[in-house]
Structures are given as structure tokens and as C-alpha cells.
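Asks: Below you'll find upload.txt; it's compact mmCIF, C-alpha atoms and all ligand atoms.
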```txt
# COMPACT_ATOMS: atom_id res chain seq x y z
CA MET X 30 -139.35 -26.03 -115.17
CA SER X 31 -137.93 -24.24 -118.22
CA ASP X 32 -134.32 -25.13 -118.91
CA TYR X 33 -132.91 -21.70 -118.06
CA LEU X 34 -134.53 -21.73 -114.63
CA ARG X 35 -132.92 -23.14 -111.49
CA PRO X 36 -133.11 -22.56 -107.75
CA ILE X 37 -131.60 -19.13 -107.00
CA THR X 38 -129.70 -18.66 -103.73
CA LYS X 39 -127.33 -16.08 -102.24
CA GLU X 40 -124.57 -18.68 -102.48
CA ASN X 41 -125.28 -19.25 -106.17
CA PRO X 42 -126.68 -16.01 -107.66
CA TYR X 43 -128.47 -16.11 -110.99
CA LYS X 44 -126.35 -14.64 -113.78
CA LEU X 45 -127.92 -12.67 -116.63
CA CYS X 46 -126.20 -11.10 -119.63
CA PHE X 47 -128.11 -8.69 -121.89
CA VAL X 48 -126.66 -8.58 -125.41
CA CYS X 49 -127.06 -6.17 -128.36
CA LEU X 50 -124.77 -5.11 -131.21
CA GLY X 51 -122.79 -2.16 -129.88
CA ASN X 52 -123.36 -2.58 -126.11
CA ILE X 53 -123.97 1.16 -125.86
CA CYS X 54 -127.77 1.54 -126.29
CA ARG X 55 -130.15 -1.40 -125.82
CA SER X 56 -128.28 -3.90 -123.63
CA PRO X 57 -126.88 -1.24 -121.23
CA THR X 58 -130.45 0.07 -120.84
CA ALA X 59 -131.77 -3.43 -120.08
CA GLU X 60 -128.90 -4.00 -117.64
CA GLY X 61 -129.53 -0.68 -115.84
CA ILE X 62 -133.29 -1.28 -115.62
CA PHE X 63 -132.85 -4.82 -114.30
CA ILE X 64 -130.29 -3.68 -111.70
CA HIS X 65 -132.72 -0.92 -110.64
CA LYS X 66 -135.61 -3.36 -110.21
CA VAL X 67 -133.46 -5.88 -108.34
CA LYS X 68 -132.30 -3.14 -105.93
CA GLU X 69 -135.88 -1.89 -105.45
CA ALA X 70 -136.88 -5.43 -104.49
CA GLY X 71 -133.89 -5.79 -102.12
CA LEU X 72 -132.62 -8.80 -104.10
CA GLU X 73 -129.07 -7.63 -104.97
CA LEU X 74 -127.44 -10.71 -103.43
CA TYR X 75 -129.43 -13.08 -105.64
CA PHE X 76 -128.43 -11.72 -109.06
CA TYR X 77 -125.33 -10.95 -111.10
CA ILE X 78 -126.20 -8.66 -114.00
CA ASP X 79 -124.06 -7.75 -117.00
CA SER X 80 -124.30 -6.70 -120.66
CA SER X 81 -122.17 -7.05 -123.78
CA GLY X 82 -122.24 -6.58 -127.55
CA THR X 83 -121.69 -8.88 -130.51
CA GLY X 84 -119.80 -6.08 -132.32
CA ALA X 85 -116.47 -4.54 -131.36
CA TYR X 86 -117.02 -0.92 -132.47
CA HIS X 87 -117.54 0.67 -129.06
CA ILE X 88 -115.46 -1.38 -126.62
CA GLY X 89 -114.58 0.60 -123.49
CA GLU X 90 -117.33 3.24 -123.99
CA ARG X 91 -119.98 4.31 -121.52
CA ALA X 92 -123.62 4.01 -122.68
CA ASN X 93 -124.78 6.35 -125.46
CA SER X 94 -125.67 9.83 -124.13
CA LYS X 95 -129.30 9.56 -125.34
CA SER X 96 -129.66 6.15 -123.64
CA GLN X 97 -128.25 7.63 -120.45
CA SER X 98 -130.46 10.73 -120.47
CA THR X 99 -133.58 8.65 -121.22
CA ALA X 100 -132.79 6.21 -118.41
CA ASN X 101 -131.87 9.00 -115.98
CA ALA X 102 -135.22 10.69 -116.68
CA HIS X 103 -136.80 7.49 -115.33
CA GLY X 104 -134.46 7.39 -112.31
CA VAL X 105 -132.30 4.62 -113.78
CA HIS X 106 -128.47 4.73 -113.87
CA LEU X 107 -126.58 2.93 -116.65
CA PRO X 108 -123.24 1.69 -115.27
CA SER X 109 -122.01 -0.29 -118.29
CA ILE X 110 -118.64 -0.07 -120.02
CA ALA X 111 -118.97 -1.68 -123.46
CA ARG X 112 -117.37 -5.07 -123.96
CA ARG X 113 -117.69 -7.78 -126.56
CA PHE X 114 -119.69 -10.96 -125.98
CA GLU X 115 -117.29 -13.91 -125.74
CA TYR X 116 -117.63 -17.69 -125.99
CA GLN X 117 -116.88 -17.97 -122.28
CA ASP X 118 -120.06 -15.98 -121.54
CA LEU X 119 -122.12 -18.87 -122.93
CA GLU X 120 -120.69 -21.08 -120.22
CA GLU X 121 -120.74 -18.52 -117.43
CA PHE X 122 -124.26 -17.04 -117.60
CA ASP X 123 -127.58 -18.71 -116.76
CA LEU X 124 -129.56 -16.59 -119.20
CA ILE X 125 -128.35 -14.65 -122.25
CA LEU X 126 -130.89 -12.17 -123.58
CA ALA X 127 -130.48 -11.05 -127.19
CA MET X 128 -132.11 -7.76 -128.17
CA ASP X 129 -132.83 -8.75 -131.78
CA SER X 130 -132.72 -11.79 -134.04
CA SER X 131 -129.39 -10.75 -135.56
CA ASN X 132 -127.77 -10.67 -132.10
CA TYR X 133 -129.50 -13.99 -131.34
CA ARG X 134 -128.11 -15.66 -134.47
CA ASN X 135 -124.62 -14.27 -133.86
CA ILE X 136 -124.59 -15.65 -130.32
CA LEU X 137 -125.82 -19.09 -131.39
CA HIS X 138 -123.25 -19.13 -134.20
CA MET X 139 -120.51 -19.09 -131.52
CA ASP X 140 -122.04 -22.21 -129.95
CA LYS X 141 -121.18 -24.67 -132.73
CA ALA X 142 -121.79 -27.72 -130.54
CA GLU X 143 -125.22 -26.34 -129.52
CA LYS X 144 -124.32 -26.94 -125.91
CA TYR X 145 -125.79 -23.72 -124.59
CA SER X 146 -128.63 -22.83 -126.97
CA SER X 147 -131.33 -23.36 -124.31
CA LYS X 148 -130.03 -20.43 -122.26
CA VAL X 149 -130.09 -17.95 -125.16
CA LYS X 150 -133.44 -16.13 -125.53
CA LEU X 151 -134.84 -13.13 -127.35
CA MET X 152 -135.50 -10.38 -124.79
CA ARG X 153 -139.00 -9.78 -126.14
CA GLU X 154 -140.00 -13.35 -125.36
CA PHE X 155 -140.54 -11.71 -121.97
CA ASP X 156 -142.51 -8.72 -123.30
CA PRO X 157 -146.03 -9.10 -121.90
CA GLU X 158 -147.44 -7.02 -124.79
CA PRO X 159 -148.05 -8.71 -128.15
CA GLY X 160 -146.26 -7.53 -131.28
CA ASP X 161 -142.75 -7.23 -132.66
CA LYS X 162 -140.24 -9.67 -131.17
CA GLU X 163 -137.21 -7.42 -131.66
CA VAL X 164 -135.99 -4.53 -129.53
CA PRO X 165 -135.46 -1.96 -132.32
CA ASP X 166 -132.01 -0.42 -132.69
CA PRO X 167 -132.39 3.28 -131.69
CA TYR X 168 -128.81 4.29 -132.61
CA TYR X 169 -129.51 6.26 -135.80
CA GLY X 170 -132.88 7.69 -134.73
CA GLY X 171 -134.22 10.42 -132.44
CA LEU X 172 -135.05 10.54 -128.75
CA GLN X 173 -138.49 8.97 -129.23
CA GLY X 174 -136.78 5.73 -130.33
CA PHE X 175 -134.75 5.68 -127.11
CA GLU X 176 -137.91 6.24 -125.04
CA ASN X 177 -139.65 3.41 -126.90
CA VAL X 178 -136.69 1.09 -126.21
CA PHE X 179 -136.84 2.06 -122.52
CA GLN X 180 -140.57 1.26 -122.31
CA VAL X 181 -140.20 -2.12 -124.07
CA LEU X 182 -137.28 -3.08 -121.82
CA ASP X 183 -138.95 -1.79 -118.65
CA ARG X 184 -142.04 -3.98 -119.03
CA SER X 185 -139.98 -6.97 -120.26
CA CYS X 186 -137.61 -6.69 -117.27
CA THR X 187 -140.55 -6.48 -114.85
CA ASN X 188 -141.99 -9.69 -116.28
CA LEU X 189 -138.61 -11.47 -116.35
CA LEU X 190 -137.84 -10.53 -112.73
CA ASN X 191 -141.28 -11.74 -111.64
CA ILE X 192 -140.58 -15.13 -113.29
CA LEU X 193 -137.10 -15.42 -111.72
CA LYS X 194 -138.30 -14.30 -108.26
CA GLU X 195 -140.39 -17.46 -108.05
CA HIS X 196 -137.17 -19.48 -108.01
CA ILE X 197 -135.46 -17.68 -105.13
CA LYS X 198 -134.91 -20.09 -102.23
P1 LIG M 201 -126.90 -1.04 -129.64
O1 LIG M 201 -126.96 0.12 -130.76
O2 LIG M 201 -126.61 -2.33 -130.38
O3 LIG M 201 -128.25 -1.01 -129.05
O4 LIG M 201 -125.78 -0.66 -128.68
C1 LIG M 201 -125.94 0.31 -131.69
C2 LIG M 201 -124.85 1.04 -131.36
C3 LIG M 201 -123.84 1.26 -132.31
C4 LIG M 201 -123.98 0.75 -133.57
C5 LIG M 201 -125.09 0.01 -133.91
C6 LIG M 201 -126.06 -0.22 -132.96
N1 LIG M 201 -122.98 1.01 -134.55
O5 LIG M 201 -123.16 0.59 -135.69
O6 LIG M 201 -121.95 1.62 -134.23
```
Please express the file's structure as C-alpha cells.
Replies:
Amino acid sequence: MSDYLRPITKENPYKLCFVCLGNICRSPTAEGIFIHKVKEAGLELYFYIDSSGTGAYHIGERANSKSQSTANAHGVHLPSIARRFEYQDLEEFDLILAMDSSNYRNILHMDKAEKYSSKVKLMREFDPEPGDKEVPDPYYGGLQGFENVFQVLDRSCTNLLNILKEHIK
């Protein structure tokens, strides 16, 4: 069994935190998609789902309007309010999913004793399609970039949930 996997029960729900830089585009989209898929599967009581950012620029903000409109067009609601990733999150969550390698390095940098590194993964480790291992930052680009991010995250979340489902007791 991989080190981030454990038996998942209603009494001890599995805790995931999606992390990007601003916590207004990529990680809120991943969070909203994962919540949507968990609800569709009727598994709400087995998961606790959150997102955060390594940067502090947008704390307190709702998801970016282009992220929201893209997600809404696919029937997905983005409930996040931006917050910063904290050391305590390393302890609290079972799986911390970094959107790109910069986010990944910044998270690991907080874990000086390397106590939690096994639960920090790149989101696209779960992308079933081959290619780039980063979720590209759509912030400065057009709508097509937001749609691409949605598609990457949608298929990666499907795969991740299928893996985790196997561990529900
Ligand atoms: P995110 O996108 O990390 O996917 O939320 C960004 C949002 C804001 C900034 C950068 C990336 N920014 O520089 O303000």
C-alpha cells in the first residue's frame, strides 16, 4: 500500500488539501471538482476536502471569476475562500496535492524535518494521460487556459477518487 493510503471510514474521513499559488484558480477548481465527484458517488461522509495557496496575495477571496464560470459551465460549484497553506496542514491532511513543482517545493520547504514528505504529491501524478507534470497557471491567460486546467483536473480527480475508493471500508 502506498504511504498516503489508509483505510477510509466514516469515523475517520480521508482528508485532502489541493494547493496552488494564489488559491483562486487551480486548487479551488480541483477542490470543487473533487467535491462534485464525491457527492455524485454518495461518498460525502468519507472525505474532507479543502484547498489553500502557498502565496498570501488573495487571502479571503472567492475563486477567480473565469475559474468559476468555467467550472459552472461543467455543473461544478467552487466554494473556496482563499487561505494560505500552513505548517499545521502538513500534519492534518492525509494527502496534499501540489498543482506545480514550485508549489511542491514550497510545501516541502516548510517540512524541514521531512516528516510529512510522503503525503505531498504533484496533482498530475494522478493524470492518466501522459505529458506535462504541472497544472499550468491560467491566471494571466485567456479562457482556453481555464478550460484546459478544468480538463486536466477533471480526469486527474476521477483517477484519484477511483484509487481512494478502493480503500473505503
Ligand atoms: P492559482 O493562480 O495559483 O492557480 O490560484 C494564480 C493566482 C494569482 C496569482 C498567481 C497565480 N498572482 O500572482 O496573483
Asks: Please, what distance in Å, to one decimal, runs between CA of Ile78 in chain X and atom O5 of ligand LIG 201 (chain M)?
Replies: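 Going from CA of Ile78 in chain X over to atom O5 of ligand LIG 201 (chain M), I get 23.8 Å.
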Asks: Can I get the residues close to ligand LIG 201 (chain M) as a count of residues only, where close means within 7 Å and we count only C-alpha atoms and all ligand atoms?
Replies: 14
Asks: Please produce, as a tab-separated table, a per-residue contact table for range 31-138 of chain X versus range 171-193 of chain X (criterion: any atom at most 8 Å away, all atoms listed in the file considered), showing the nearest atom pair and its distance in Å to one decimal, sorted by chain then residue number.
Replies:
```
residue	atom	partner	partner_atom	distance
X:Leu34	CA	X:Leu193	CA	7.4
X:Arg55	CA	X:Val178	CA	7.0
X:Thr58	CA	X:Phe179	CA	6.9
X:Ala59	CA	X:Leu182	CA	5.8
X:Ile62	CA	X:Asp183	CA	6.4
X:Phe63	CA	X:Cys186	CA	5.9
X:Lys66	CA	X:Thr187	CA	7.5
X:Val67	CA	X:Leu190	CA	7.8
X:Lys95	CA	X:Leu172	CA	6.8
X:Ser96	CA	X:Phe175	CA	6.2
X:Thr99	CA	X:Glu176	CA	6.3
X:Ala100	CA	X:Phe179	CA	7.1
```
Asks: Once you have the residues from the selection above, write them out as a short mmCIF file (atom, residue, chain, number, x, y, z; two decimals), in the coordinates of the input, restricted to C-alpha atoms.
Replies:
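Result file result10.cif:
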```cif
data_model
loop_
_atom_site.label_atom_id
_atom_site.label_comp_id
_atom_site.auth_asym_id
_atom_site.auth_seq_id
_atom_site.Cartn_x
_atom_site.Cartn_y
_atom_site.Cartn_z
CA LEU X 34 -134.53 -21.73 -114.63
CA ARG X 55 -130.15 -1.40 -125.82
CA THR X 58 -130.45 0.07 -120.84
CA ALA X 59 -131.77 -3.43 -120.08
CA ILE X 62 -133.29 -1.28 -115.62
CA PHE X 63 -132.85 -4.82 -114.30
CA LYS X 66 -135.61 -3.36 -110.21
CA VAL X 67 -133.46 -5.88 -108.34
CA LYS X 95 -129.30 9.56 -125.34
CA SER X 96 -129.66 6.15 -123.64
CA THR X 99 -133.58 8.65 -121.22
CA ALA X 100 -132.79 6.21 -118.41
#
```
Asks: Work out how far CA of Arg91 in chain X is from CA of Lys148 in chain X, in Å to one decimal.
Replies: 26.7 Å
Asks: Pick out the residues sitting within 6 Å of range 101-114 of chain X, and hand them over as a list of chain:residue names; count all atoms listed in the file, and ignore anything fewer than 6 positions along from it in its own chain.
Replies: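 The residues that qualify are X:Asn52, X:Pro57, X:Gly61, X:Ser81, X:Gly82, X:Thr83, X:Ala85, X:Ile88, X:Gly89, X:Glu90, X:Arg91.
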Asks: For CA of Gly160 in chain X and CA of Met139 in chain X, determine how far apart the two atoms are, in Å to one decimal place.
Replies: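 Pair CA of Gly160 in chain X / CA of Met139 in chain X returns 28.2 Å.
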Asks: Could you name the residues that touch Phe122 in chain X at 6 Å or less, counting only C-alpha atoms, but leaving out those on the same chain fewer than 3 positions away, as a count of residues only?
Replies: 3
Asks: Near Lys198 in chain X, counting only C-alpha atoms, which residues have an atom at most 12 Å away, once you skip same-chain residues fewer than 4 positions from it, shown as JSON, numbers by chain?
Replies: {"X": [35, 36, 37, 38, 39, 40, 41, 42, 43, 72, 75, 193, 194]}
